[in-house]
$ cat model10.cif   # mmCIF, C-alpha atoms
data_coords
loop_
_atom_site.group_PDB
_atom_site.id
_atom_site.type_symbol
_atom_site.label_atom_id
_atom_site.label_comp_id
_atom_site.auth_asym_id
_atom_site.auth_seq_id
_atom_site.Cartn_x
_atom_site.Cartn_y
_atom_site.Cartn_z
ATOM 1 C CA MET V 1 220.068 108.187 68.584
ATOM 2 C CA LYS V 2 220.605 104.428 68.989
ATOM 3 C CA GLN V 3 217.265 104.167 70.775
ATOM 4 C CA PHE V 4 215.533 105.984 67.907
ATOM 5 C CA ILE V 5 217.039 103.595 65.356
ATOM 6 C CA LEU V 6 216.071 100.585 67.481
ATOM 7 C CA ILE V 7 212.482 101.834 67.813
ATOM 8 C CA PHE V 8 212.325 102.497 64.057
ATOM 9 C CA ILE V 9 213.571 98.990 63.248
ATOM 10 C CA LEU V 10 211.122 97.455 65.721
ATOM 11 C CA LEU V 11 208.129 99.371 64.317
ATOM 12 C CA PHE V 12 209.166 98.648 60.721
ATOM 13 C CA GLY V 13 209.426 94.936 61.540
ATOM 14 C CA LEU V 14 205.990 94.919 63.181
ATOM 15 C CA ASN V 15 204.506 96.590 60.106
ATOM 16 C CA LEU V 16 206.085 93.995 57.793
ATOM 17 C CA ASN V 17 204.715 91.170 59.961
ATOM 18 C CA ALA V 18 201.233 92.715 59.910
ATOM 19 C CA GLN V 19 201.363 93.061 56.120
ATOM 20 C CA LYS V 20 202.551 89.470 55.733
ATOM 21 C CA LYS V 21 199.675 88.278 57.932
ATOM 22 C CA GLU V 22 197.144 90.248 55.870
ATOM 23 C CA SER V 23 198.628 88.836 52.672
ATOM 24 C CA GLU V 24 198.202 85.326 54.090
ATOM 25 C CA ASN V 25 194.583 86.146 55.042
ATOM 26 C CA VAL V 26 193.834 87.379 51.531
ATOM 27 C CA LYS V 27 195.424 84.281 49.977
ATOM 28 C CA ALA V 28 193.416 82.065 52.349
ATOM 29 C CA THR V 29 190.240 83.820 51.177
ATOM 30 C CA ILE V 30 191.000 83.030 47.526
ATOM 31 C CA ILE V 31 191.870 79.416 48.370
ATOM 32 C CA LYS V 32 188.624 79.084 50.349
ATOM 33 C CA PHE V 33 186.716 80.494 47.353
ATOM 34 C CA PHE V 34 188.173 77.838 45.046
ATOM 35 C CA ASP V 35 187.655 75.068 47.602
ATOM 36 C CA ALA V 36 183.957 76.040 47.729
ATOM 37 C CA PHE V 37 183.919 76.311 43.919
ATOM 38 C CA HIS V 38 185.272 72.775 43.499
ATOM 39 C CA GLU V 39 182.946 71.413 46.200
ATOM 40 C CA GLN V 40 179.995 73.244 44.590
ATOM 41 C CA ASP V 41 179.237 74.785 47.994
ATOM 42 C CA THR V 42 176.861 77.609 47.107
ATOM 43 C CA ILE V 43 176.439 78.770 50.704
ATOM 44 C CA VAL V 44 180.157 79.422 51.137
ATOM 45 C CA LEU V 45 180.420 80.967 47.652
ATOM 46 C CA LYS V 46 177.640 83.443 48.543
ATOM 47 C CA SER V 47 179.234 84.277 51.892
ATOM 48 C CA MET V 48 182.565 85.251 50.336
ATOM 49 C CA VAL V 49 181.349 88.163 48.237
ATOM 50 C CA THR V 50 179.616 91.489 48.745
ATOM 51 C CA ASP V 51 176.059 92.057 47.539
ATOM 52 C CA LYS V 52 177.300 94.209 44.673
ATOM 53 C CA ILE V 53 179.953 91.861 43.284
ATOM 54 C CA ILE V 54 180.876 92.355 39.640
ATOM 55 C CA LEU V 55 181.779 89.239 37.663
ATOM 56 C CA GLN V 56 183.306 89.619 34.189
ATOM 57 C CA SER V 57 185.290 87.667 31.580
ATOM 58 C CA ILE V 58 187.495 88.881 28.755
ATOM 59 C CA SER V 59 187.934 86.630 25.734
ATOM 60 C CA ILE V 60 188.452 86.653 21.996
ATOM 61 C CA ASN V 61 185.409 85.798 19.862
ATOM 62 C CA LYS V 62 185.389 83.818 16.590
ATOM 63 C CA GLU V 63 185.974 87.033 14.611
ATOM 64 C CA GLY V 64 189.144 87.717 16.607
ATOM 65 C CA LYS V 65 187.681 90.646 18.564
ATOM 66 C CA THR V 66 188.126 91.161 22.281
ATOM 67 C CA VAL V 67 184.847 90.713 24.130
ATOM 68 C CA LEU V 68 183.931 91.707 27.695
ATOM 69 C CA LYS V 69 181.124 89.610 29.149
ATOM 70 C CA GLU V 70 179.437 90.382 32.458
ATOM 71 C CA ASP V 71 177.690 87.640 34.419
ATOM 72 C CA ASP V 72 175.288 87.667 37.324
ATOM 73 C CA TYR V 73 176.972 86.094 40.365
ATOM 74 C CA ASN V 74 173.813 84.226 41.426
ATOM 75 C CA LYS V 75 173.555 82.713 37.937
ATOM 76 C CA PHE V 76 177.242 81.742 38.174
ATOM 77 C CA ILE V 77 176.549 79.949 41.467
ATOM 78 C CA LYS V 78 173.523 78.140 40.000
ATOM 79 C CA ASN V 79 175.650 77.008 37.043
ATOM 80 C CA ILE V 80 178.336 75.654 39.371
ATOM 81 C CA ALA V 81 175.744 73.844 41.491
ATOM 82 C CA SER V 82 174.171 72.288 38.386
ATOM 83 C CA ILE V 83 177.349 70.520 37.255
ATOM 84 C CA PRO V 84 176.650 66.790 37.709
ATOM 85 C CA LYS V 85 178.605 65.228 40.561
ATOM 86 C CA ASP V 86 180.078 62.636 38.195
ATOM 87 C CA LYS V 87 181.751 65.392 36.119
ATOM 88 C CA SER V 88 185.122 66.529 37.438
ATOM 89 C CA PHE V 89 186.402 70.065 37.069
ATOM 90 C CA GLU V 90 189.365 71.867 38.557
ATOM 91 C CA GLU V 91 190.762 75.339 38.259
ATOM 92 C CA LYS V 92 194.452 75.018 39.119
ATOM 93 C CA LEU V 93 195.923 78.248 40.443
ATOM 94 C CA LEU V 94 199.528 78.577 39.303
ATOM 95 C CA ASP V 95 200.640 81.603 41.339
ATOM 96 C CA PHE V 96 199.480 84.438 43.598
ATOM 97 C CA ASN V 97 200.438 88.099 43.261
ATOM 98 C CA ILE V 98 198.866 89.962 46.180
ATOM 99 C CA GLN V 99 198.830 93.706 46.736
ATOM 100 C CA ILE V 100 197.205 95.323 49.771
ATOM 101 C CA ASP V 101 196.488 98.874 50.831
ATOM 102 C CA GLU V 102 194.676 98.996 54.169
ATOM 103 C CA ASN V 103 191.210 97.515 53.497
ATOM 104 C CA MET V 104 191.647 96.874 49.765
ATOM 105 C CA ALA V 105 193.455 93.982 48.123
ATOM 106 C CA ASN V 106 194.153 92.863 44.588
ATOM 107 C CA VAL V 107 195.023 89.266 43.755
ATOM 108 C CA TRP V 108 196.306 88.135 40.351
ATOM 109 C CA THR V 109 196.168 84.365 39.837
ATOM 110 C CA PRO V 110 197.176 82.689 36.567
ATOM 111 C CA TYR V 111 195.282 79.409 36.163
ATOM 112 C CA GLU V 112 194.602 76.308 34.115
ATOM 113 C CA PHE V 113 191.089 74.884 33.886
ATOM 114 C CA TRP V 114 190.611 71.136 33.577
ATOM 115 C CA TYR V 115 187.322 69.357 32.826
ATOM 116 C CA GLN V 116 187.008 65.587 33.094
ATOM 117 C CA ASN V 117 190.802 65.485 33.595
ATOM 118 C CA GLU V 118 191.377 67.130 30.206
ATOM 119 C CA PHE V 119 192.833 70.575 29.702
ATOM 120 C CA SER V 120 190.125 73.076 28.727
ATOM 121 C CA HIS V 121 191.668 76.555 28.854
ATOM 122 C CA CYS V 122 193.956 78.897 30.768
ATOM 123 C CA GLY V 123 193.992 82.540 31.750
ATOM 124 C CA VAL V 124 194.285 84.883 34.681
ATOM 125 C CA ASN V 125 191.873 85.780 37.470
ATOM 126 C CA SER V 126 192.012 89.286 38.909
ATOM 127 C CA PHE V 127 190.244 89.604 42.241
ATOM 128 C CA GLN V 128 189.498 92.882 43.983
ATOM 129 C CA LEU V 129 188.675 92.468 47.664
ATOM 130 C CA MET V 130 187.713 94.693 50.557
ATOM 131 C CA LYS V 131 188.034 94.048 54.248
ATOM 132 C CA GLU V 132 184.595 94.238 55.802
ATOM 133 C CA ASP V 133 183.904 93.449 59.455
ATOM 134 C CA ASN V 134 187.401 91.982 59.779
ATOM 135 C CA ALA V 135 186.903 89.580 56.843
ATOM 136 C CA TRP V 136 188.079 89.833 53.244
ATOM 137 C CA LYS V 137 185.185 89.855 50.747
ATOM 138 C CA ILE V 138 185.395 89.675 46.963
ATOM 139 C CA ILE V 139 183.911 92.751 45.284
ATOM 140 C CA TYR V 140 185.110 92.225 41.721
ATOM 141 C CA LEU V 141 186.345 89.274 39.701
ATOM 142 C CA VAL V 142 187.460 89.466 36.098
ATOM 143 C CA ASP V 143 189.190 86.678 34.221
ATOM 144 C CA THR V 144 190.682 85.946 30.843
ATOM 145 C CA ARG V 145 190.153 82.709 28.954
ATOM 146 C CA ARG V 146 192.171 81.273 26.109
ATOM 147 C CA ARG V 147 193.214 77.939 24.670
ATOM 148 C CA GLU V 148 196.490 79.052 23.088
ATOM 149 C CA GLY V 149 199.647 80.284 24.776
ATOM 150 C CA CYS V 150 199.083 78.128 27.825
ATOM 151 C CA GLU V 151 201.853 76.336 29.655
ATOM 152 C CA LYS V 152 200.575 72.849 30.438
#

$ encode --input "model10.cif" --output "structure tokens"
Amino acid sequence: MKQFILIFILLFGLNLNAQKKESENVKATIIKFFDAFHEQDTIVLKSMVTDKIILQSISINKEGKTVLKEDDYNKFIKNIASIPKDKSFEEKLLDFNIQIDENMANVWTPYEFWYQNEFSHCGVNSFQLMKEDNAWKIIYLVDTRRREGCEK
């Protein structure tokens, strides 16, 4: 019986370590995405997603209605690349909430967006990822954007 308990504890510990490692890999993927975003590195940005990525934003329009906007990822990349090098922008991630089930991961990252060192807006990113060929790829990204209710 003692051997059974010892084996159970050992296997449970190995599973926790494997999950922690995967969580770190997923977090590293998101950090790499934002590093490429800030560096305007379109090659890396393209390499981090699947061909069928969905990119959406949820916001409130001038009439106070919730609006869902879908963007083309290639257009998003072109817009990032077209920002003049003398204009600074930074999306500051405030936290990571990572959930993983085998080859699927969800990452929730509250953020603040700064342009030219001035606060622009805040919100939350929700990433859906899949593990493909031993690498985590982004398959879906939806964010919220607001100017009120932000903690600066």

$ residues_around --input "model10.cif" --residues "Leu55 (chain V)" --least-positions-apart "6" --cutoff "12 Å" --atoms "all atoms listed in the file" --output "list in words"
Val49, Leu68, Lys69, Glu70, Asp71, Asp72, Tyr73, Asn74, Lys75, Phe76, Ile77, Asn125, Ser126, Phe127, Gln128, Ile138, Ile139, Tyr140, Leu141, Val142, Asp143 and Thr144 of chain V

$ residues_around --input "model10.cif" --residues "region 39-48 of chain V" --least-positions-apart "5" --cutoff "9 Å" --atoms "only C-alpha atoms" --output "mmCIF file with C-alpha atoms, in the coordinates of the input"
data_model
loop_
_atom_site.group_PDB
_atom_site.id
_atom_site.type_symbol
_atom_site.label_atom_id
_atom_site.label_comp_id
_atom_site.auth_asym_id
_atom_site.auth_seq_id
_atom_site.Cartn_x
_atom_site.Cartn_y
_atom_site.Cartn_z
ATOM 1 C CA THR V 29 190.240 83.820 51.177
ATOM 2 C CA LYS V 32 188.624 79.084 50.349
ATOM 3 C CA PHE V 33 186.716 80.494 47.353
ATOM 4 C CA PHE V 34 188.173 77.838 45.046
ATOM 5 C CA TYR V 73 176.972 86.094 40.365
ATOM 6 C CA ASN V 74 173.813 84.226 41.426
ATOM 7 C CA ILE V 77 176.549 79.949 41.467
ATOM 8 C CA LYS V 78 173.523 78.140 40.000
ATOM 9 C CA ILE V 80 178.336 75.654 39.371
ATOM 10 C CA ALA V 81 175.744 73.844 41.491
ATOM 11 C CA SER V 82 174.171 72.288 38.386
ATOM 12 C CA ILE V 83 177.349 70.520 37.255
ATOM 13 C CA ALA V 135 186.903 89.580 56.843
ATOM 14 C CA TRP V 136 188.079 89.833 53.244
ATOM 15 C CA LYS V 137 185.185 89.855 50.747
ATOM 16 C CA ILE V 138 185.395 89.675 46.963
#

$ atom_distance --input "model10.cif" --atom1 "CA of Gln56 (chain V)" --atom2 "CA of Glu22 (chain V)"
25.7 Å

$ closest_residue --input "model10.cif" --among "V:Glu90, V:Val107, V:Arg145, V:Phe96" --to "Thr66 (chain V)" --atoms "all atoms listed in the file"
V:Arg145

$ residues_around --input "model10.cif" --residues "His121 (chain V)" --least-positions-apart "6" --cutoff "9 Å" --atoms "only C-alpha atoms" --output "MDAnalysis selection string"
chainID V and resid 111:114 145:148 150

$ closest_residue --input "model10.cif" --among "V:Gln99, V:Asn106, V:Asp35, V:Pro84" --to "Lys20 (chain V)" --atoms "all atoms listed in the file"
V:Gln99

$ atom_distance --input "model10.cif" --atom1 "CA of Glu151 (chain V)" --atom2 "CA of Asn79 (chain V)"
27.2 Å

$ closest_residue --input "model10.cif" --among "V:Glu132, V:Gln116, V:Lys52, V:Lys21" --to "Lys85 (chain V)" --atoms "all atoms listed in the file"
V:Gln116

$ residues_around --input "model10.cif" --residues "Pro110 (chain V)" --least-positions-apart "4" --cutoff "8 Å" --atoms "all atoms listed in the file" --output "MDAnalysis selection string"
chainID V and resid 93:96 122:125

$ closest_residue --input "model10.cif" --among "V:Phe119, V:Val26, V:Met130, V:Glu63" --to "Met104 (chain V)" --atoms "all atoms listed in the file"
V:Met130

$ closest_residue --input "model10.cif" --among "V:Tyr115, V:Gly64, V:Asn103, V:Lys27" --to "Asp86 (chain V)" --atoms "all atoms listed in the file"
V:Tyr115

$ atom_distance --input "model10.cif" --atom1 "CA of Asn117 (chain V)" --atom2 "CA of Ala36 (chain V)"
18.9 Å

$ closest_residue --input "model10.cif" --among "V:Ile60, V:Ile53, V:Ala105, V:Val67" --to "Ile30 (chain V)" --atoms "all atoms listed in the file"
V:Ala105

$ build_atoms --input "model10.cif" --residues "region 43-78 of chain V" --atoms "N, CA and C atoms" --output "short mmCIF file (atom, residue, chain, number, x, y, z; two decimals), in the coordinates of the input"
data_model
loop_
_atom_site.label_atom_id
_atom_site.label_comp_id
_atom_site.auth_asym_id
_atom_site.auth_seq_id
_atom_site.Cartn_x
_atom_site.Cartn_y
_atom_site.Cartn_z
N ILE V 43 176.56 77.95 49.49
CA ILE V 43 176.44 78.77 50.70
C ILE V 43 177.75 79.50 50.98
N VAL V 44 178.86 78.78 50.91
CA VAL V 44 180.16 79.42 51.14
C VAL V 44 180.46 80.42 50.02
N LEU V 45 180.17 80.05 48.77
CA LEU V 45 180.42 80.97 47.65
C LEU V 45 179.66 82.28 47.83
N LYS V 46 178.43 82.22 48.30
CA LYS V 46 177.64 83.44 48.54
C LYS V 46 178.21 84.26 49.70
N SER V 47 178.74 83.58 50.70
CA SER V 47 179.23 84.28 51.89
C SER V 47 180.55 85.01 51.66
N MET V 48 181.22 84.71 50.56
CA MET V 48 182.56 85.25 50.34
C MET V 48 182.59 86.53 49.51
N VAL V 49 181.43 86.99 49.11
CA VAL V 49 181.35 88.16 48.24
C VAL V 49 180.43 89.21 48.85
N THR V 50 180.56 90.44 48.34
CA THR V 50 179.62 91.49 48.74
C THR V 50 178.37 91.40 47.87
N ASP V 51 177.32 92.08 48.29
CA ASP V 51 176.06 92.06 47.54
C ASP V 51 176.19 92.65 46.14
N LYS V 52 177.15 93.52 45.95
CA LYS V 52 177.30 94.21 44.67
C LYS V 52 178.47 93.69 43.84
N ILE V 53 178.81 92.42 44.01
CA ILE V 53 179.95 91.86 43.28
C ILE V 53 179.76 92.01 41.77
N ILE V 54 180.85 92.29 41.10
CA ILE V 54 180.88 92.36 39.64
C ILE V 54 181.70 91.17 39.15
N LEU V 55 181.14 90.44 38.20
CA LEU V 55 181.78 89.24 37.66
C LEU V 55 181.87 89.40 36.14
N GLN V 56 183.10 89.40 35.62
CA GLN V 56 183.31 89.62 34.19
C GLN V 56 184.35 88.66 33.63
N SER V 57 184.29 88.46 32.30
CA SER V 57 185.29 87.67 31.58
C SER V 57 185.68 88.40 30.31
N ILE V 58 186.97 88.30 29.98
CA ILE V 58 187.50 88.88 28.76
C ILE V 58 187.99 87.72 27.89
N SER V 59 187.52 87.70 26.64
CA SER V 59 187.93 86.63 25.73
C SER V 59 187.98 87.17 24.31
N ILE V 60 188.40 86.32 23.42
CA ILE V 60 188.45 86.65 22.00
C ILE V 60 187.35 85.85 21.31
N ASN V 61 186.49 86.52 20.54
CA ASN V 61 185.41 85.80 19.86
C ASN V 61 185.90 85.18 18.55
N LYS V 62 185.02 84.52 17.83
CA LYS V 62 185.39 83.82 16.59
C LYS V 62 185.91 84.77 15.51
N GLU V 63 185.51 86.04 15.58
CA GLU V 63 185.97 87.03 14.61
C GLU V 63 187.32 87.65 15.02
N GLY V 64 187.86 87.21 16.15
CA GLY V 64 189.14 87.72 16.61
C GLY V 64 189.06 89.02 17.40
N LYS V 65 187.86 89.41 17.81
CA LYS V 65 187.68 90.65 18.56
C LYS V 65 187.63 90.36 20.06
N THR V 66 188.17 91.28 20.83
CA THR V 66 188.13 91.16 22.28
C THR V 66 186.72 91.47 22.77
N VAL V 67 186.21 90.59 23.63
CA VAL V 67 184.85 90.71 24.13
C VAL V 67 184.87 90.73 25.66
N LEU V 68 184.12 91.65 26.25
CA LEU V 68 183.93 91.71 27.70
C LEU V 68 182.52 91.23 28.00
N LYS V 69 182.42 90.18 28.79
CA LYS V 69 181.12 89.61 29.15
C LYS V 69 180.93 89.76 30.65
N GLU V 70 179.76 90.26 31.03
CA GLU V 70 179.44 90.38 32.46
C GLU V 70 178.40 89.33 32.82
N ASP V 71 178.61 88.67 33.95
CA ASP V 71 177.69 87.64 34.42
C ASP V 71 177.11 88.03 35.77
N ASP V 72 175.92 87.51 36.02
CA ASP V 72 175.29 87.67 37.32
C ASP V 72 175.87 86.61 38.27
N TYR V 73 176.31 87.02 39.45
CA TYR V 73 176.97 86.09 40.36
C TYR V 73 176.04 84.96 40.80
N ASN V 74 174.76 85.28 41.03
CA ASN V 74 173.81 84.23 41.43
C ASN V 74 173.63 83.20 40.32
N LYS V 75 173.64 83.64 39.07
CA LYS V 75 173.56 82.71 37.94
C LYS V 75 174.82 81.85 37.88
N PHE V 76 175.97 82.47 38.12
CA PHE V 76 177.24 81.74 38.17
C PHE V 76 177.17 80.62 39.22
N ILE V 77 176.66 80.94 40.40
CA ILE V 77 176.55 79.95 41.47
C ILE V 77 175.60 78.82 41.06
N LYS V 78 174.47 79.17 40.45
CA LYS V 78 173.52 78.14 40.00
C LYS V 78 174.17 77.23 38.96
#
